[in-house]
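my_file.txt, holding compact mmCIF, N, CA and C atoms:
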# COMPACT_ATOMS: atom_id res chain seq x y z
N MET M 178 57.00 102.60 123.21
CA MET M 178 57.92 101.71 122.53
C MET M 178 57.91 102.00 121.04
N ASN M 179 59.03 101.88 120.39
CA ASN M 179 59.12 102.15 118.96
C ASN M 179 58.42 101.07 118.16
N GLU M 180 57.61 101.50 117.21
CA GLU M 180 56.95 100.55 116.31
C GLU M 180 57.78 100.44 115.05
N PRO M 181 57.73 99.26 114.40
CA PRO M 181 58.49 99.11 113.17
C PRO M 181 58.07 100.12 112.12
N ASN M 182 59.02 100.56 111.35
CA ASN M 182 58.78 101.49 110.27
C ASN M 182 57.85 100.81 109.27
N ASN M 183 56.72 101.44 108.92
CA ASN M 183 55.77 100.84 107.98
C ASN M 183 56.40 100.54 106.64
N ASP M 184 57.30 101.42 106.20
CA ASP M 184 57.99 101.22 104.93
C ASP M 184 58.82 99.94 104.99
N ALA M 185 59.49 99.73 106.11
CA ALA M 185 60.33 98.55 106.28
C ALA M 185 59.47 97.29 106.29
N ALA M 186 58.38 97.33 107.02
CA ALA M 186 57.53 96.16 107.13
C ALA M 186 56.95 95.79 105.77
N SER M 187 56.60 96.79 104.97
CA SER M 187 56.01 96.49 103.67
C SER M 187 57.03 95.88 102.71
N ILE M 188 58.29 96.25 102.86
CA ILE M 188 59.32 95.68 101.97
C ILE M 188 59.79 94.34 102.50
N ALA M 189 59.92 94.21 103.82
CA ALA M 189 60.51 93.02 104.40
C ALA M 189 59.55 91.84 104.49
N GLU M 190 58.26 92.09 104.45
CA GLU M 190 57.32 90.99 104.56
C GLU M 190 56.30 91.03 103.44
N ALA M 191 55.98 89.87 102.94
CA ALA M 191 54.92 89.74 101.95
C ALA M 191 53.58 89.80 102.69
N PRO M 192 52.48 90.08 101.99
CA PRO M 192 51.18 90.20 102.65
C PRO M 192 50.78 88.98 103.46
N ALA M 193 51.20 87.78 103.06
CA ALA M 193 50.81 86.56 103.77
C ALA M 193 51.60 86.38 105.06
N GLY M 194 52.51 87.31 105.39
CA GLY M 194 53.30 87.20 106.60
C GLY M 194 54.60 86.44 106.42
N LYS M 195 54.81 85.91 105.24
CA LYS M 195 56.07 85.22 104.98
C LYS M 195 57.11 86.24 104.54
N PRO M 196 58.37 86.05 104.93
CA PRO M 196 59.41 87.00 104.52
C PRO M 196 59.53 87.07 103.00
N GLU M 197 59.66 88.27 102.51
CA GLU M 197 59.83 88.50 101.08
C GLU M 197 61.31 88.37 100.73
N ILE M 198 61.60 87.82 99.58
CA ILE M 198 62.98 87.75 99.13
C ILE M 198 63.34 89.09 98.53
N LEU M 199 64.33 89.74 99.13
CA LEU M 199 64.73 91.07 98.68
C LEU M 199 65.79 90.97 97.60
N THR M 200 65.79 91.93 96.71
CA THR M 200 66.82 91.99 95.68
C THR M 200 68.11 92.52 96.29
N ALA M 201 69.21 92.34 95.58
CA ALA M 201 70.50 92.86 96.05
C ALA M 201 70.42 94.38 96.23
N ALA M 202 69.71 95.05 95.33
CA ALA M 202 69.58 96.51 95.42
C ALA M 202 68.81 96.91 96.67
N GLN M 203 67.76 96.17 97.01
CA GLN M 203 66.98 96.47 98.21
C GLN M 203 67.83 96.24 99.46
N LYS M 204 68.61 95.17 99.48
CA LYS M 204 69.48 94.89 100.62
C LYS M 204 70.50 96.01 100.78
N ALA M 205 71.10 96.43 99.67
CA ALA M 205 72.08 97.52 99.72
C ALA M 205 71.44 98.80 100.24
N GLU M 206 70.19 99.02 99.86
CA GLU M 206 69.46 100.20 100.34
C GLU M 206 69.27 100.15 101.85
N TRP M 207 68.93 98.97 102.36
CA TRP M 207 68.76 98.81 103.81
C TRP M 207 70.08 98.99 104.54
N VAL M 208 71.16 98.47 103.97
CA VAL M 208 72.47 98.64 104.60
C VAL M 208 72.83 100.12 104.66
N GLU M 209 72.55 100.83 103.57
CA GLU M 209 72.84 102.27 103.54
C GLU M 209 72.02 103.01 104.60
N LYS M 210 70.75 102.66 104.72
CA LYS M 210 69.90 103.30 105.74
C LYS M 210 70.43 103.00 107.13
N TYR M 211 70.85 101.75 107.35
CA TYR M 211 71.41 101.38 108.65
C TYR M 211 72.66 102.19 108.95
N LEU M 212 73.58 102.28 108.00
CA LEU M 212 74.83 103.00 108.22
C LEU M 212 74.59 104.48 108.50
N LYS M 213 73.60 105.06 107.86
CA LYS M 213 73.28 106.48 108.07
C LYS M 213 72.53 106.72 109.37
N SER M 214 71.89 105.68 109.89
CA SER M 214 71.04 105.86 111.08
C SER M 214 71.81 106.16 112.35
N GLY M 215 73.02 105.65 112.44
CA GLY M 215 73.79 105.83 113.67
C GLY M 215 73.36 104.88 114.78
N LEU M 216 72.41 104.01 114.51
CA LEU M 216 71.92 103.05 115.50
C LEU M 216 72.80 101.80 115.51
N SER M 217 72.67 101.02 116.57
CA SER M 217 73.33 99.72 116.59
C SER M 217 72.60 98.81 115.60
N LEU M 218 73.24 97.74 115.25
CA LEU M 218 72.63 96.78 114.33
C LEU M 218 71.32 96.24 114.92
N ARG M 219 71.37 95.90 116.19
CA ARG M 219 70.18 95.37 116.85
C ARG M 219 69.08 96.44 116.93
N GLY M 220 69.47 97.66 117.26
CA GLY M 220 68.49 98.74 117.36
C GLY M 220 67.82 99.03 116.03
N PHE M 221 68.64 99.08 114.96
CA PHE M 221 68.07 99.38 113.64
C PHE M 221 67.18 98.24 113.16
N SER M 222 67.63 97.00 113.37
CA SER M 222 66.82 95.87 112.89
C SER M 222 65.49 95.83 113.63
N GLY M 223 65.52 96.12 114.93
CA GLY M 223 64.27 96.14 115.69
C GLY M 223 63.34 97.26 115.25
N GLN M 224 63.91 98.41 114.99
CA GLN M 224 63.11 99.57 114.58
C GLN M 224 62.53 99.40 113.18
N SER M 225 63.30 98.77 112.31
CA SER M 225 62.87 98.65 110.92
C SER M 225 62.04 97.41 110.64
N GLY M 226 62.06 96.45 111.58
CA GLY M 226 61.30 95.22 111.36
C GLY M 226 62.09 94.18 110.57
N LEU M 227 63.36 94.45 110.34
CA LEU M 227 64.20 93.49 109.62
C LEU M 227 64.80 92.50 110.60
N GLY M 228 65.08 91.31 110.12
CA GLY M 228 65.73 90.31 110.96
C GLY M 228 67.17 90.73 111.25
N TYR M 229 67.57 90.59 112.52
CA TYR M 229 68.91 90.99 112.94
C TYR M 229 69.98 90.27 112.12
N MET M 230 69.90 88.96 112.03
CA MET M 230 70.93 88.19 111.32
C MET M 230 70.93 88.48 109.82
N SER M 231 69.77 88.73 109.26
CA SER M 231 69.71 89.09 107.83
C SER M 231 70.47 90.39 107.58
N LEU M 232 70.17 91.38 108.40
CA LEU M 232 70.85 92.67 108.26
C LEU M 232 72.34 92.52 108.51
N TYR M 233 72.71 91.73 109.50
CA TYR M 233 74.12 91.47 109.81
C TYR M 233 74.84 90.90 108.58
N ARG M 234 74.23 89.89 107.95
CA ARG M 234 74.85 89.27 106.75
C ARG M 234 74.98 90.27 105.61
N TRP M 235 73.96 91.10 105.42
CA TRP M 235 74.02 92.09 104.34
C TRP M 235 75.15 93.08 104.57
N VAL M 236 75.29 93.53 105.82
CA VAL M 236 76.35 94.49 106.15
C VAL M 236 77.72 93.85 105.94
N LYS M 237 77.91 92.63 106.42
CA LYS M 237 79.19 91.93 106.28
C LYS M 237 79.52 91.69 104.80
N LYS M 238 78.52 91.33 104.02
CA LYS M 238 78.75 91.09 102.59
C LYS M 238 79.20 92.38 101.91
N GLN M 239 78.56 93.49 102.26
CA GLN M 239 78.95 94.77 101.67
C GLN M 239 80.37 95.13 102.08
N GLU M 240 80.73 94.89 103.34
CA GLU M 240 82.10 95.18 103.80
C GLU M 240 83.12 94.36 103.03
N ARG M 241 82.83 93.07 102.82
CA ARG M 241 83.75 92.20 102.06
C ARG M 241 83.87 92.67 100.62
N THR M 242 82.77 93.10 100.03
CA THR M 242 82.80 93.60 98.66
C THR M 242 83.67 94.84 98.56
N ILE M 243 83.52 95.75 99.51
CA ILE M 243 84.33 96.98 99.51
C ILE M 243 85.80 96.64 99.70
N GLU M 244 86.11 95.74 100.64
CA GLU M 244 87.50 95.34 100.88
C GLU M 244 88.10 94.69 99.64
N SER M 245 87.31 93.86 98.98
CA SER M 245 87.79 93.18 97.78
C SER M 245 88.11 94.19 96.68
N ARG M 246 87.23 95.16 96.51
CA ARG M 246 87.48 96.19 95.49
C ARG M 246 88.73 96.99 95.80
N GLN M 247 88.92 97.30 97.09
CA GLN M 247 90.09 98.08 97.50
C GLN M 247 91.36 97.28 97.28
N SER M 248 91.33 96.00 97.60
CA SER M 248 92.55 95.20 97.43
C SER M 248 92.87 95.03 95.96
N HIS M 249 91.84 94.93 95.10
CA HIS M 249 92.10 94.84 93.67
C HIS M 249 92.65 96.14 93.12
N SER M 250 92.15 97.27 93.63
CA SER M 250 92.66 98.55 93.13
C SER M 250 94.09 98.78 93.62
N ASP M 251 94.41 98.25 94.82
CA ASP M 251 95.78 98.37 95.33
C ASP M 251 96.74 97.54 94.49
N GLN M 252 96.24 96.47 93.86
CA GLN M 252 97.09 95.59 93.09
C GLN M 252 97.31 96.08 91.67
N ALA M 253 96.54 97.07 91.25
CA ALA M 253 96.70 97.58 89.89
C ALA M 253 98.09 98.20 89.76
N ILE M 254 98.82 97.73 88.78
CA ILE M 254 100.20 98.18 88.59
C ILE M 254 100.35 98.69 87.17
N ASP M 255 100.92 99.86 87.05
CA ASP M 255 101.24 100.38 85.73
C ASP M 255 102.68 99.99 85.41
N PHE M 256 102.89 99.49 84.22
CA PHE M 256 104.22 99.08 83.82
C PHE M 256 104.84 100.15 82.94
N ALA M 257 106.10 100.30 83.11
CA ALA M 257 106.85 101.24 82.28
C ALA M 257 108.20 100.62 81.96
N GLU M 258 108.67 100.87 80.78
CA GLU M 258 109.97 100.34 80.38
C GLU M 258 111.06 101.16 81.07
N LEU M 259 112.02 100.45 81.62
CA LEU M 259 113.16 101.10 82.25
C LEU M 259 114.37 100.91 81.37
N ASN M 260 114.91 101.98 80.88
CA ASN M 260 116.13 101.91 80.07
C ASN M 260 117.29 102.34 80.95
N LEU M 261 117.99 101.34 81.48
CA LEU M 261 119.12 101.64 82.34
C LEU M 261 120.36 101.81 81.47
N PRO M 262 121.16 102.80 81.78
CA PRO M 262 122.36 103.01 80.98
C PRO M 262 123.35 101.86 81.17
N LEU M 263 123.93 101.44 80.07
CA LEU M 263 124.95 100.39 80.15
C LEU M 263 126.29 101.03 80.49
N THR M 264 126.99 100.38 81.36
CA THR M 264 128.33 100.86 81.71
C THR M 264 129.32 99.85 81.15
N PRO M 265 130.58 100.22 81.07
CA PRO M 265 131.56 99.29 80.53
C PRO M 265 131.60 97.96 81.29
N SER M 266 131.20 97.96 82.55
CA SER M 266 131.24 96.72 83.33
C SER M 266 130.03 95.81 83.07
N THR M 267 129.02 96.33 82.35
CA THR M 267 127.84 95.51 82.09
C THR M 267 127.48 95.50 80.60
N PRO M 268 128.31 94.93 79.78
CA PRO M 268 127.94 94.84 78.37
C PRO M 268 126.74 93.89 78.21
N ARG M 269 126.03 93.98 77.09
CA ARG M 269 124.80 93.21 76.87
C ARG M 269 124.99 91.71 77.05
N SER M 270 126.13 91.19 76.77
CA SER M 270 126.33 89.75 76.86
C SER M 270 126.56 89.27 78.29
N ASP M 271 126.66 90.19 79.25
CA ASP M 271 126.93 89.80 80.62
C ASP M 271 125.68 89.82 81.51
N TRP M 272 124.53 89.50 80.95
CA TRP M 272 123.33 89.46 81.78
C TRP M 272 123.43 88.29 82.74
N ALA M 273 123.17 88.53 84.01
CA ALA M 273 123.22 87.48 85.01
C ALA M 273 121.90 86.70 85.07
N VAL M 274 120.81 87.40 84.75
CA VAL M 274 119.50 86.77 84.80
C VAL M 274 118.68 87.24 83.61
N GLU M 275 117.94 86.32 83.03
CA GLU M 275 117.00 86.68 81.97
C GLU M 275 115.71 85.93 82.23
N LEU M 276 114.63 86.67 82.43
CA LEU M 276 113.30 86.09 82.65
C LEU M 276 112.44 86.38 81.43
N THR M 277 111.79 85.36 80.91
CA THR M 277 110.84 85.55 79.83
C THR M 277 109.45 85.24 80.38
N LEU M 278 108.60 86.25 80.39
CA LEU M 278 107.25 86.11 80.93
C LEU M 278 106.33 85.49 79.88
N PRO M 279 105.22 84.90 80.31
CA PRO M 279 104.29 84.26 79.37
C PRO M 279 103.81 85.17 78.23
N ASN M 280 103.76 86.48 78.48
CA ASN M 280 103.29 87.39 77.44
C ASN M 280 104.40 87.80 76.47
N GLY M 281 105.59 87.21 76.64
CA GLY M 281 106.69 87.50 75.74
C GLY M 281 107.65 88.58 76.23
N THR M 282 107.32 89.22 77.32
CA THR M 282 108.21 90.24 77.87
C THR M 282 109.48 89.59 78.39
N VAL M 283 110.62 90.20 78.08
CA VAL M 283 111.90 89.69 78.55
C VAL M 283 112.48 90.68 79.54
N LEU M 284 112.87 90.18 80.69
CA LEU M 284 113.46 90.99 81.73
C LEU M 284 114.88 90.50 81.94
N ARG M 285 115.86 91.37 81.71
CA ARG M 285 117.27 91.02 81.86
C ARG M 285 117.89 91.87 82.95
N MET M 286 118.71 91.23 83.78
CA MET M 286 119.37 91.95 84.86
C MET M 286 120.85 91.58 84.89
N SER M 287 121.67 92.57 85.15
CA SER M 287 123.11 92.32 85.26
C SER M 287 123.43 91.86 86.66
N LYS M 288 124.63 91.37 86.83
CA LYS M 288 125.06 90.93 88.16
C LYS M 288 125.18 92.10 89.12
N ASP M 289 125.23 93.32 88.61
CA ASP M 289 125.35 94.51 89.45
C ASP M 289 124.00 95.11 89.83
N THR M 290 122.91 94.47 89.44
CA THR M 290 121.58 94.98 89.78
C THR M 290 121.40 94.88 91.29
N PRO M 291 121.01 95.98 91.93
CA PRO M 291 120.83 95.96 93.39
C PRO M 291 119.77 94.92 93.80
N ALA M 292 120.03 94.25 94.90
CA ALA M 292 119.12 93.21 95.38
C ALA M 292 117.72 93.76 95.65
N THR M 293 117.62 95.00 96.10
CA THR M 293 116.30 95.58 96.38
C THR M 293 115.49 95.73 95.09
N LEU M 294 116.16 96.07 93.99
CA LEU M 294 115.47 96.20 92.71
C LEU M 294 115.01 94.83 92.22
N VAL M 295 115.87 93.82 92.36
CA VAL M 295 115.49 92.46 91.96
C VAL M 295 114.29 92.00 92.76
N ASP M 296 114.29 92.25 94.07
CA ASP M 296 113.18 91.88 94.93
C ASP M 296 111.89 92.55 94.47
N GLN M 297 111.94 93.86 94.17
CA GLN M 297 110.76 94.57 93.70
C GLN M 297 110.26 94.02 92.38
N LEU M 298 111.15 93.73 91.47
CA LEU M 298 110.75 93.21 90.17
C LEU M 298 110.13 91.82 90.29
N LEU M 299 110.68 90.98 91.14
CA LEU M 299 110.13 89.65 91.32
C LEU M 299 108.75 89.67 91.98
N ARG M 300 108.51 90.65 92.84
CA ARG M 300 107.18 90.78 93.45
C ARG M 300 106.14 91.17 92.40
N VAL M 301 106.53 91.97 91.44
CA VAL M 301 105.61 92.42 90.40
C VAL M 301 105.36 91.30 89.40
N CYS M 302 106.37 90.54 89.09
CA CYS M 302 106.25 89.46 88.10
C CYS M 302 105.55 88.29 88.72
File written out as structure tokens:
Amino acid sequence: MNEPNNDAASIAEAPAGKPEILTAAQKAEWVEKYLKSGLSLRGFSGQSGLGYMSLYRWVKKQERTIESRQSHSDQAIDFAELNLPLTPSTPRSDWAVELTLPNGTVLRMSKDTPATLVDQLLRVC
């Protein structure tokens, strides 16, 4: 039968037999070892001497952190000024919509602005 990894037991338990409080870095290290092991969560926790539910929570927390970072990076938007050419049918005084954002940016659209562009702009604003 597999015995717990001595390294794991020394980190996961204090000498008095009470569970040691691990730092975030130590938990991340254990999650990394688990992911590299190729074992099931139950198999790795049993082999390493870590509590199954503790390891489960650490793995889930890391997954949520990664997902959160990815969703924030997906939301990063670069802004660029669009200078659309004016045509005789859209003189400056014929703006159909004017939005003033809290930062002072003014967005003006003519009545001929395609609905798809308006939709995209409103999603960004």
Checklist line | d(atom CA of M:Lys213, atom CA of M:Ile243) in Å | finding: 16.9 Å
Notebook entry, point to check: Using all atoms listed in the file, which residue out of M:Tyr233, M:Leu284, M:Ala202, M:Lys238 lies closest to M:Arg219?
Noted result: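 Result for the nearest residue to M:Arg219: M:Tyr233.
Between atom N of M:Trp272 and atom C of M:Met286 lies a distance of 5.8 Å.
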Next item on the list: For atom C of M:Pro279 and atom N of M:Val295, determine how far apart the two atoms are, in Å to one decimal place.
Entry: 20.5 Å
